[in-house]
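Q: Hey, dropping run35.cif in here, mmCIF, C-alpha atoms:
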```
data_structure
#
loop_
_atom_site.label_atom_id
_atom_site.label_comp_id
_atom_site.auth_asym_id
_atom_site.auth_seq_id
_atom_site.Cartn_x
_atom_site.Cartn_y
_atom_site.Cartn_z
CA MET A 184 0.00 0.00 0.00
CA LYS A 185 1.27 3.48 -0.87
CA PHE A 186 0.50 6.24 1.61
CA SER A 187 0.16 9.94 0.91
CA LEU A 188 0.27 13.11 2.98
CA THR A 189 -2.81 14.39 1.17
CA SER A 190 -6.06 13.33 2.78
CA PRO A 191 -8.62 11.96 0.28
CA ASP A 192 -12.01 13.56 -0.23
CA TRP A 193 -14.07 10.92 1.56
CA SER A 194 -17.39 12.32 0.35
CA LYS A 195 -16.35 11.45 -3.21
CA VAL A 196 -14.95 8.07 -2.16
CA PHE A 197 -18.18 6.94 -0.50
CA LYS A 198 -20.41 8.93 -2.92
CA ASP A 199 -22.55 10.29 -0.08
CA ASN A 200 -23.64 6.78 0.90
CA TYR A 201 -24.08 7.14 4.67
CA ARG A 202 -26.29 5.82 7.45
CA LYS A 203 -27.58 8.18 10.14
CA TYR A 204 -27.55 7.27 13.81
CA SER A 205 -29.01 9.09 16.80
CA VAL A 206 -26.50 9.34 19.64
CA PRO A 207 -27.39 10.53 23.17
CA THR A 208 -25.46 13.51 24.46
CA GLY A 209 -26.96 13.88 27.92
CA ALA A 210 -29.27 12.40 30.53
CA GLY A 211 -32.46 13.80 29.00
CA ALA A 212 -34.49 12.09 26.34
CA ASP A 213 -34.06 15.03 23.98
CA ASP A 214 -30.32 15.27 24.50
CA THR A 215 -29.34 13.52 21.27
CA THR A 216 -27.36 14.24 18.13
CA THR A 217 -27.12 12.64 14.71
CA VAL A 218 -23.98 11.12 13.32
CA LYS A 219 -23.36 9.76 9.83
CA VAL A 220 -21.36 6.59 9.23
CA PRO A 221 -20.25 5.69 5.69
CA VAL A 222 -21.34 2.47 3.98
CA PHE A 223 -18.39 0.56 2.57
CA GLU A 224 -18.99 -0.97 -0.86
CA ARG A 225 -15.57 -1.03 -2.52
CA GLY A 226 -12.36 0.96 -2.41
CA SER A 227 -8.70 1.02 -1.42
CA LEU A 228 -7.18 -0.30 1.82
CA GLU A 229 -7.12 3.22 3.24
CA ALA A 230 -10.85 3.56 2.50
CA ALA A 231 -11.47 0.32 4.40
CA LEU A 232 -9.34 1.55 7.33
CA TYR A 233 -11.20 4.89 7.35
CA TRP A 234 -14.56 3.01 7.41
CA ARG A 235 -13.30 0.77 10.24
CA LYS A 236 -12.31 3.82 12.29
CA GLN A 237 -15.73 5.46 11.74
CA PHE A 238 -17.48 2.23 12.70
CA GLN A 239 -15.41 1.97 15.89
CA ASP A 240 -16.40 5.53 16.83
CA LEU A 241 -20.07 4.55 16.42
CA ILE A 242 -19.56 1.49 18.63
CA GLU A 243 -18.12 3.64 21.39
CA LEU A 244 -20.79 6.34 21.07
CA LYS A 245 -23.71 3.90 21.22
CA ASN A 246 -21.99 1.35 23.45
CA LEU A 247 -22.92 -1.57 21.19
CA ASP A 248 -22.62 -5.17 22.36
CA ALA A 249 -21.17 -8.03 20.29
CA ALA A 250 -24.47 -9.01 18.64
CA ALA A 251 -25.18 -5.38 17.70
CA LYS A 252 -21.68 -5.03 16.26
CA PHE A 253 -22.23 -7.98 13.88
CA THR A 254 -25.68 -6.69 12.94
CA ASN A 255 -24.53 -3.11 12.17
CA ALA A 256 -21.55 -4.47 10.24
CA ASN A 257 -24.08 -5.97 7.79
CA ILE A 258 -25.96 -2.66 7.68
CA LEU A 259 -22.85 -0.56 6.99
CA THR A 260 -21.57 -2.72 4.09
CA SER A 261 -22.94 -3.38 0.62
CA GLY A 262 -21.96 -5.02 -2.63
CA ALA A 263 -18.44 -6.37 -2.73
CA GLY A 264 -17.76 -4.96 0.72
CA ARG A 265 -20.59 -7.00 2.25
CA GLU A 266 -19.38 -10.15 0.54
CA LYS A 267 -15.93 -9.72 2.09
CA TRP A 268 -17.44 -9.08 5.50
CA GLN A 269 -19.66 -12.19 5.35
CA GLN A 270 -16.68 -14.30 4.29
CA ALA A 271 -14.62 -12.99 7.22
CA ARG A 272 -17.54 -13.56 9.62
CA ALA A 273 -17.97 -17.16 8.45
CA GLU A 274 -14.27 -17.88 8.83
CA VAL A 275 -14.28 -16.64 12.42
CA LEU A 276 -17.64 -18.01 13.66
CA GLY A 277 -17.51 -21.28 11.71
CA ASN A 278 -20.41 -23.49 10.64
CA PRO A 279 -22.55 -23.85 12.63
CA PRO A 280 -21.66 -20.37 13.88
CA ALA A 281 -20.29 -20.01 17.34
CA ASN A 282 -21.54 -17.54 19.86
CA VAL A 283 -20.72 -13.96 19.03
CA THR A 284 -18.28 -12.16 21.29
CA ASP A 285 -16.29 -8.94 21.19
CA ALA A 286 -13.08 -10.86 20.60
CA ARG A 287 -14.57 -12.78 17.69
CA PHE A 288 -15.89 -9.52 16.24
CA ASN A 289 -12.42 -7.97 16.40
CA ARG A 290 -10.90 -11.03 14.73
CA ALA A 291 -13.59 -10.96 12.05
CA MET A 292 -12.83 -7.27 11.38
CA LEU A 293 -9.08 -7.95 11.16
CA THR A 294 -9.81 -10.71 8.62
CA PHE A 295 -12.01 -8.27 6.67
CA ILE A 296 -9.14 -5.69 6.54
CA GLN A 297 -6.78 -8.38 5.28
CA LYS A 298 -9.26 -9.23 2.51
CA CYS A 299 -9.12 -5.54 1.55
CA GLY A 300 -5.34 -5.68 1.03
CA ALA A 301 -3.55 -5.41 4.38
CA THR A 302 -0.54 -7.63 5.17
CA SER A 303 1.67 -8.25 8.20
CA GLU A 304 4.18 -5.64 6.90
CA THR A 305 1.62 -2.89 6.31
CA ALA A 306 1.75 -1.60 9.90
CA GLU A 307 5.55 -1.40 9.87
CA ASP A 308 5.57 0.46 6.54
CA LEU A 309 2.99 2.93 7.81
CA ARG A 310 4.99 3.63 10.98
CA ASP A 311 8.13 4.34 8.95
CA PHE A 312 6.18 6.66 6.63
CA ILE A 313 4.82 8.69 9.57
CA MET A 314 8.14 8.99 11.40
CA ASN A 315 10.05 10.19 8.31
CA ALA A 316 7.43 12.52 6.87
CA LYS A 317 8.43 16.07 5.79
CA LYS A 318 5.94 18.85 5.42
CA PRO A 319 5.33 19.90 1.79
CA SER A 320 5.62 23.62 1.12
CA ASN A 321 2.07 23.82 -0.19
CA LEU A 322 0.57 22.14 2.89
CA ARG A 323 -0.25 24.05 6.05
CA PHE A 324 1.41 22.77 9.23
CA GLU A 325 -1.94 22.22 10.92
CA ASP A 326 -3.17 20.09 8.01
CA PHE A 327 0.11 18.18 8.03
CA LYS A 328 -0.27 17.47 11.75
CA GLN A 329 -3.87 16.27 11.34
CA ARG A 330 -2.89 13.98 8.47
CA LEU A 331 -0.17 12.29 10.53
CA GLU A 332 -2.61 11.79 13.40
CA GLU A 333 -5.14 10.29 10.97
CA LEU A 334 -2.58 7.81 9.62
CA ASP A 335 -1.50 6.98 13.17
CA ASP A 336 -5.13 6.06 14.03
CA TYR A 337 -5.11 3.33 11.35
CA LEU A 338 -2.34 1.33 13.03
CA PRO A 339 -4.48 -0.57 15.63
CA TYR A 340 -6.71 -1.99 12.86
CA LEU A 341 -3.81 -3.52 10.90
CA PRO A 342 -2.39 -7.03 11.41
CA GLY A 343 1.14 -7.58 12.71
CA PRO A 344 3.13 -6.97 15.90
CA LEU A 345 3.79 -3.26 15.11
CA ASN A 346 0.17 -2.18 15.01
CA GLN A 347 0.38 0.16 18.00
CA ARG A 348 0.02 3.90 17.73
CA LEU A 349 3.20 5.95 17.85
CA GLY A 350 2.14 7.96 20.85
CA ASP A 351 2.53 11.67 21.58
CA ASP A 352 6.29 11.47 22.24
CA GLN A 353 7.09 9.91 18.90
CA LEU A 354 4.69 12.24 17.05
CA PHE A 355 6.38 15.20 18.77
CA VAL A 356 9.78 14.14 17.42
CA THR A 357 8.33 13.59 13.95
CA LEU A 358 6.65 17.00 13.83
CA LYS A 359 9.76 18.75 15.16
CA LYS A 360 11.83 17.43 12.23
CA CYS A 361 9.21 18.05 9.51
CA VAL A 362 10.79 21.42 8.51
CA PRO A 363 14.63 21.59 8.97
CA ALA A 364 14.72 25.42 8.99
CA TRP A 365 12.13 25.56 11.74
CA GLN A 366 13.90 22.88 13.72
CA LYS A 367 17.10 24.95 13.62
CA LYS A 368 15.28 28.01 14.92
CA TYR A 369 13.65 25.87 17.59
CA THR A 370 17.05 24.51 18.67
CA ASP A 371 18.89 27.87 18.62
CA SER A 372 16.21 29.80 20.51
CA ASN A 373 14.90 29.58 24.04
CA ALA A 374 11.55 28.24 22.79
CA ARG A 375 12.56 24.65 23.56
CA LYS A 376 12.56 25.47 27.25
CA ASN A 377 8.86 26.34 27.12
CA ILE A 378 7.61 23.68 24.66
CA ASP A 379 7.05 20.13 25.91
CA ASN A 380 4.01 18.80 24.01
CA ILE A 381 2.58 18.58 20.49
CA ASN A 382 0.11 21.43 20.93
CA ASP A 383 2.78 23.91 22.06
CA LEU A 384 5.04 22.82 19.20
CA ALA A 385 2.15 23.29 16.77
CA ASP A 386 1.62 26.86 18.06
CA TYR A 387 5.33 27.71 17.74
CA TYR A 388 5.63 26.29 14.21
CA GLY A 389 2.39 28.00 13.28
CA ASP A 390 3.88 31.38 14.23
CA LEU A 391 7.00 30.67 12.16
CA GLU A 392 4.83 29.70 9.22
CA ASN A 393 2.82 32.95 9.42
CA GLN A 394 6.01 35.00 9.73
CA GLU A 395 7.51 33.39 6.64
CA LYS A 396 4.28 33.97 4.74
CA LYS A 397 4.34 37.68 5.60
CA GLU A 398 7.97 37.98 4.55
CA HIS A 399 7.24 36.17 1.32
CA ASN A 400 4.32 38.48 0.57
CA ARG A 401 6.45 41.53 1.38
CA ASP A 402 9.21 40.28 -0.92
CA ASN A 403 6.67 39.70 -3.65
CA ARG A 404 5.27 43.22 -3.24
CA HIS A 405 8.77 44.67 -3.20
CA GLY A 406 9.72 42.61 -6.23
CA ASN A 407 6.56 43.66 -8.02
CA ARG A 408 7.25 47.28 -7.08
CA ASN A 409 10.81 47.06 -8.36
CA SER A 410 9.62 45.30 -11.45
CA SER A 411 6.97 47.94 -11.96
CA GLN A 412 9.50 50.73 -11.43
CA GLY A 413 11.90 49.03 -13.79
CA GLN A 414 9.15 48.70 -16.37
CA ASN A 415 8.25 52.36 -15.91
CA ARG A 416 11.87 53.41 -16.35
CA SER A 417 12.16 51.22 -19.40
CA GLN A 418 8.97 52.64 -20.84
CA GLN A 419 10.22 56.17 -20.12
CA ARG A 420 13.49 55.42 -21.90
CA ASN A 421 11.60 54.01 -24.83
CA ARG A 422 9.37 57.07 -24.99
CA THR A 423 12.40 59.36 -24.81
CA GLN A 424 14.18 57.37 -27.50
CA ARG A 425 11.11 57.45 -29.74
CA SER A 426 10.75 61.18 -29.11
CA ASN A 427 14.39 61.79 -30.05
CA GLU A 428 14.03 59.65 -33.13
CA SER A 429 10.86 61.46 -34.11
CA HIS A 430 12.58 64.82 -33.57
CA HIS A 431 15.54 63.69 -35.68
CA ILE A 432 13.23 62.44 -38.42
CA GLU A 433 11.16 65.61 -38.36
CA ARG A 434 14.30 67.73 -38.55
CA ASN A 435 15.57 65.77 -41.54
CA ASN A 436 12.18 65.92 -43.16
CA GLY A 437 12.04 69.65 -42.44
CA ASN A 438 15.32 70.22 -44.31
CA SER A 439 13.95 68.28 -47.24
CA ASP A 440 10.64 70.14 -47.02
CA ARG A 441 12.33 73.53 -47.22
CA ARG A 442 13.93 72.47 -50.47
CA GLN A 443 10.71 71.09 -51.89
CA GLY A 444 8.33 73.80 -50.74
CA GLY A 445 5.79 74.41 -48.04
CA GLY A 446 3.21 71.98 -49.43
CA ASP A 447 5.67 69.09 -49.60
CA ARG A 448 6.97 69.99 -46.14
CA ARG A 449 3.52 69.61 -44.55
CA HIS A 450 2.92 66.40 -46.44
CA SER A 451 6.18 64.63 -45.50
CA ARG A 452 6.64 65.88 -41.93
CA GLY A 453 4.73 63.00 -40.32
CA ARG A 454 6.55 60.24 -42.18
CA SER A 455 9.56 58.36 -40.98
CA SER A 456 12.67 58.06 -43.07
CA ASP A 457 12.10 54.33 -43.66
CA ASN A 458 8.55 54.85 -44.87
CA TYR A 459 9.69 57.76 -47.03
CA ARG A 460 12.40 55.68 -48.70
CA GLN A 461 9.97 52.85 -49.17
CA GLY A 462 7.46 55.20 -50.77
CA ARG A 463 10.09 56.62 -53.08
CA GLY A 464 11.15 53.11 -54.01
CA ASN A 465 7.54 52.19 -54.82
CA GLN A 466 7.17 55.29 -56.96
CA ASP A 467 10.36 54.49 -58.87
CA ARG A 468 9.22 50.93 -59.46
CA ASN A 469 5.79 52.08 -60.63
CA ARG A 470 7.37 54.63 -62.97
CA ASP A 471 9.69 51.98 -64.42
CA ASN A 472 6.79 49.58 -64.89
CA ASN A 473 4.75 52.26 -66.63
CA ARG A 474 7.66 53.06 -68.94
CA GLN A 475 8.14 49.40 -69.81
CA ASN A 476 4.43 48.95 -70.47
CA GLN A 477 4.38 52.07 -72.67
CA HIS A 478 7.46 50.84 -74.56
CA ARG A 479 5.84 47.44 -75.17
CA GLN A 480 2.63 49.15 -76.34
CA ASP A 481 4.60 51.41 -78.73
CA ASN A 482 6.38 48.37 -80.18
CA ARG A 483 3.07 46.60 -80.71
CA ASN A 484 1.61 49.68 -82.40
CA GLN A 485 4.70 49.99 -84.63
CA ASP A 486 4.47 46.31 -85.58
CA ASN A 487 0.79 46.70 -86.43
CA SER A 488 1.54 49.79 -88.52
CA ASN A 489 4.33 48.01 -90.40
CA SER A 490 2.11 45.02 -91.03
CA GLN A 491 -0.67 47.25 -92.37
CA ARG A 492 1.81 49.12 -94.58
CA ARG A 493 3.19 45.89 -96.00
CA TYR A 494 -0.32 44.62 -96.62
CA ASN A 495 -1.31 47.81 -98.44
CA THR A 496 1.86 47.65 -100.57
CA ARG A 497 1.22 44.04 -101.58
CA TYR A 498 -2.40 44.85 -102.26
CA GLN A 499 -1.47 47.77 -104.57
CA GLU A 500 1.11 45.61 -106.38
CA ARG A 501 -1.39 42.81 -106.96
CA ARG A 502 -3.95 45.35 -108.12
CA ARG A 503 -1.54 46.90 -110.65
CA GLU A 504 -0.55 43.44 -111.88
CA ASN A 505 -4.21 42.52 -112.41
CA GLU A 506 -4.89 45.77 -114.25
CA THR A 507 -1.82 45.31 -116.50
CA HIS A 508 -2.79 41.72 -117.24
CA GLN A 509 -6.37 42.78 -118.05
CA ILE A 510 -5.11 45.45 -120.49
CA ASP A 511 -2.81 42.95 -122.24
CA THR A 512 -5.62 40.48 -122.48
CA ASP A 513 -7.99 43.03 -124.00
CA ASN A 514 -5.35 44.09 -126.57
CA GLU A 515 -4.69 40.52 -127.62
CA SER A 516 -8.41 39.89 -127.96
CA ASN A 517 -8.88 42.96 -130.18
CA ASP A 518 -5.91 41.93 -132.39
CA GLY A 519 -7.40 38.50 -132.91
CA GLN A 520 -10.79 39.89 -133.95
CA ASP A 521 -9.24 42.27 -136.55
CA SER A 522 -7.15 39.58 -138.22
CA TYR A 523 -9.78 37.27 -139.61
CA VAL A 524 -9.73 36.74 -143.45
CA SER A 525 -12.11 35.54 -146.05
CA ASN A 526 -12.41 31.99 -147.12
CA LYS A 527 -10.42 30.73 -150.14
CA SER A 528 -13.54 30.10 -152.09
CA ASN A 529 -16.80 31.94 -151.56
CA ASP A 530 -18.55 29.11 -153.41
CA ASN A 531 -17.50 26.60 -150.81
CA ALA A 532 -18.45 28.85 -147.89
CA SER A 533 -21.85 29.38 -146.51
CA ASP A 534 -23.23 32.41 -144.72
CA ASN A 535 -22.75 30.81 -141.34
CA GLU A 536 -19.14 29.63 -141.71
CA PHE A 537 -16.27 31.75 -140.38
CA TYR A 538 -12.49 31.43 -140.36
CA PHE A 539 -9.60 32.95 -138.44
CA ALA A 540 -6.39 34.02 -140.04
CA ASN A 541 -4.52 34.80 -136.84
CA LYS A 542 -3.29 31.85 -134.76
CA LYS A 543 -2.95 33.92 -131.55
CA PHE A 544 -6.66 34.44 -130.92
CA HIS A 545 -7.65 34.29 -127.19
CA ASP A 546 -11.10 34.06 -125.72
CA THR A 547 -11.59 36.88 -123.20
CA ASN A 548 -14.50 35.08 -121.58
CA LYS A 549 -12.27 32.29 -120.27
CA THR A 550 -10.34 32.18 -117.05
CA ASN A 551 -6.56 32.41 -117.01
CA ASP A 552 -6.17 28.65 -116.43
CA GLU A 553 -8.46 27.85 -119.36
CA LYS A 554 -6.57 30.31 -121.51
CA GLU A 555 -3.25 28.69 -120.70
CA ASN A 556 -4.59 25.23 -121.52
CA ASP A 557 -6.17 26.28 -124.83
CA GLU A 558 -4.19 25.52 -128.01
CA PRO A 559 -5.09 27.52 -131.17
CA VAL A 560 -5.70 25.50 -134.32
CA GLU A 561 -3.86 26.58 -137.48
CA ASP A 562 -5.71 27.55 -140.66
CA THR A 563 -6.83 24.63 -142.77
CA ASP A 564 -8.27 24.27 -146.18
CA ASP A 565 -11.40 22.69 -144.75
CA GLU A 566 -14.71 24.39 -144.87
CA SER A 567 -15.16 24.19 -141.13
CA MET A 568 -14.36 26.88 -138.59
CA ILE A 569 -11.44 26.85 -136.17
CA SER A 570 -12.28 24.46 -133.34
CA TYR A 571 -11.03 25.06 -129.85
CA ALA A 572 -10.20 21.92 -127.89
CA THR A 573 -10.21 21.60 -124.08
CA GLU A 574 -9.12 18.68 -121.91
CA ASP A 575 -11.79 16.11 -121.20
CA ASN A 576 -14.84 18.39 -121.69
CA GLU A 577 -16.85 18.34 -124.93
CA ASP A 578 -19.62 20.58 -123.55
CA THR A 579 -17.12 23.35 -123.01
CA GLU A 580 -15.98 23.04 -126.65
CA LEU A 581 -19.48 23.59 -127.92
CA THR A 582 -19.99 26.63 -125.69
CA ILE A 583 -16.71 28.18 -126.80
CA GLU A 584 -17.52 27.63 -130.49
CA LYS A 585 -20.90 29.27 -130.04
CA THR A 586 -19.31 32.23 -128.25
CA TYR A 587 -16.76 32.67 -131.02
CA GLN A 588 -19.46 32.59 -133.65
CA ASP A 589 -21.29 35.39 -131.85
CA ASP A 590 -18.20 37.58 -131.81
CA LEU A 591 -17.12 37.03 -135.46
CA ILE A 592 -18.06 39.29 -138.41
CA PRO A 593 -19.51 37.21 -141.25
CA LEU A 594 -17.67 37.22 -144.58
CA GLN A 595 -19.44 38.85 -147.50
CA GLY A 596 -20.01 36.68 -150.62
#
```
Once more with this new file: its structure as structure tokens, please.
A:
Amino acid sequence: MKFSLTSPDWSKVFKDNYRKYSVPTGAGADDTTTVKVPVFERGSLEAALYWRKQFQDLIELKNLDAAAKFTNANILTSGAGREKWQQARAEVLGNPPANVTDARFNRAMLTFIQKCGATSETAEDLRDFIMNAKKPSNLRFEDFKQRLEELDDYLPYLPGPLNQRLGDDQLFVTLKKCVPAWQKKYTDSNARKNIDNINDLADYYGDLENQEKKEHNRDNRHGNRNSSQGQNRSQQRNRTQRSNESHHIERNNGNSDRRQGGGDRRHSRGRSSDNYRQGRGNQDRNRDNNRQNQHRQDNRNQDNSNSQRRYNTRYQERRRENETHQIDTDNESNDGQDSYVSNKSNDNASDNEFYFANKKFHDTNKTNDEKENDEPVEDTDDESMISYATEDNEDTELTIEKTYQDDLIPLQG
């Protein structure tokens, strides 16, 4: 079992499961009071020892006999706790059960505590823990004293030969050594001549504890005051430094403002030198970006203008070429129409037969490709007209011949 100097919260351990008893306080019938005794269901060994101590207090207050002790033990247990108690009772009383006595009740309770985890070495370990305990700094001396007394009350309910309480003398020695600094003051002063019991020692150590608390609070206030003063001085230095820096910045800005004019001076007075340089840098970057964008836009406009100029030039050249070609074509067509001749024999010619004398006749109604593919037919002695042949298209030949006939001047007989 591990022991602690912190007392558990027993209301949470027993979950407010208590039985109420009326205990007389005087000779009169109305002189009574009510006490609450916890009901043990399950828990640690210390919880079982705490319940055993509370039950023993009830026995003494109500002066219960052996039979009443066994009966109330059943009432003040439940669940797993009652099972352990009934097992311990059966082991002590036997079957059939023997007569109940105070001694058998005590042995049954000792067996019950053993079933909850106690051993023959538990009492010795608890005694050593109490005698070597040191007061924690966060625990009041009075609470420390009460906790040692509470642990000391558990000893008689444990098995083993060392289950006797320490006694006031041994507790006095333990409490005197709980704080080494206090023990030294106790030894060096005359207080030891006037202190001979636990209560007087508790009063003396209580005064030392209060004195140390006051000194600690005073040191904290002094430290806080010094810290506050130091912070105030630091803040004052920072304000002075900022004021000097602001004055220096304003003076530099003022010199620049006088060069730039009154309007610029009012505008730049409230700015720091870093912000001013940053602003100038941003302006320079923006101006460079604008120049680059304008340069790129001018290049694009120049490229568009050059492209349009080249397009117009090519368009004019193609237009002049087309006009020149059209004029040449018209001249060739006129030459061909003026060069036709009469037939060799008017007798062999009819009114509807026509001949060409010029081999270079070109049809102006054809496209350039058709004109290039056409091959003029030389004059023949036949009575037929000049036939124009095209590749793989007889319908076109008939159309061309009809067109030529419409354009020719008939020969006079």
Q: Padding 8 Å on each side, edges along x, y and z: where is the centre of the box around the listed atoms of segment 422-427 of chain A, and how long are its edges in Å to one decimal? Output it as JSON.
A:
```
{"center_x": 11.9, "center_y": 59.4, "center_z": -27.4, "size_x": 21.0, "size_y": 20.7, "size_z": 21.2}
```
Q: What's the separation between atom CA of Pro342 of chain A and atom CA of Arg225 of chain A, in Å to one decimal place?
A: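 About the pair atom CA of Pro342 of chain A and atom CA of Arg225 of chain A: they are 20.1 Å apart.
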Q: Given all atoms listed in the file as the basis, pick out the residue of A:Pro319, A:Pro339, A:Gly262, A:Gly464 nearest to Tyr233 of chain A.
A: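 The closest residue to Tyr233 of chain A is A:Pro339.
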Q: Please enumerate the residues selected by the PyMOL selection byres ((chain A and resi 365-378) around 12) when evaluated against the supplied file, formatted as a PyMOL selection string.
A: chain A and resi 317-318+324+355-364+379-392+394-395
Q: Rank nothing, just name the residue among A:Lys397, A:Asn415, A:Glu274, A:Thr189 nearest to Asn321 of chain A, using only C-alpha atoms.
A: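 Answer, going by the shortest atom-to-atom distance: A:Thr189.
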Q: Using the chain letters and numbers from the file, give me the residues hit by the PyMOL selection byres ((chain A and resi 296-305) around 12), as a ChimeraX atom specification.
A: /A:184-186,223-236,263-272,274,289-295,306-312,334,337-346
Q: Suppose you want the space between atom CA of Asn282 of chain A and atom CA of Lys219 of chain A; what is it in Å?
A: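 Interatomic distance here is 29.1 Å.
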Q: Between A:Asn465, A:Gln509, A:Ser187, A:Ser194, which one has atoms that come closest to Val220 of chain A, using only C-alpha atoms?
A: A:Ser194
Q: One decimal, Å: what's the distance from atom CA of Pro207 of chain A over to atom CA of Asn255 of chain A, could you say?
A: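 Atom CA of Asn255 of chain A lies at a distance of 17.8 Å from atom CA of Pro207 of chain A.
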Q: Would you write out, as a VMD selection string, every residue that the PyMOL selection byres ((chain A and resi 249) around 6) captures in this file?
A: chain A and resid 248 250 to 252 284 to 285
Q: Out of A:Val222, A:Arg468, A:His399, A:Thr215, which residue has the shortest atom-to-atom distance to Val196 of chain A when counting all atoms listed in the file?
A: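 So, comparing all the options, the nearest one is A:Val222.
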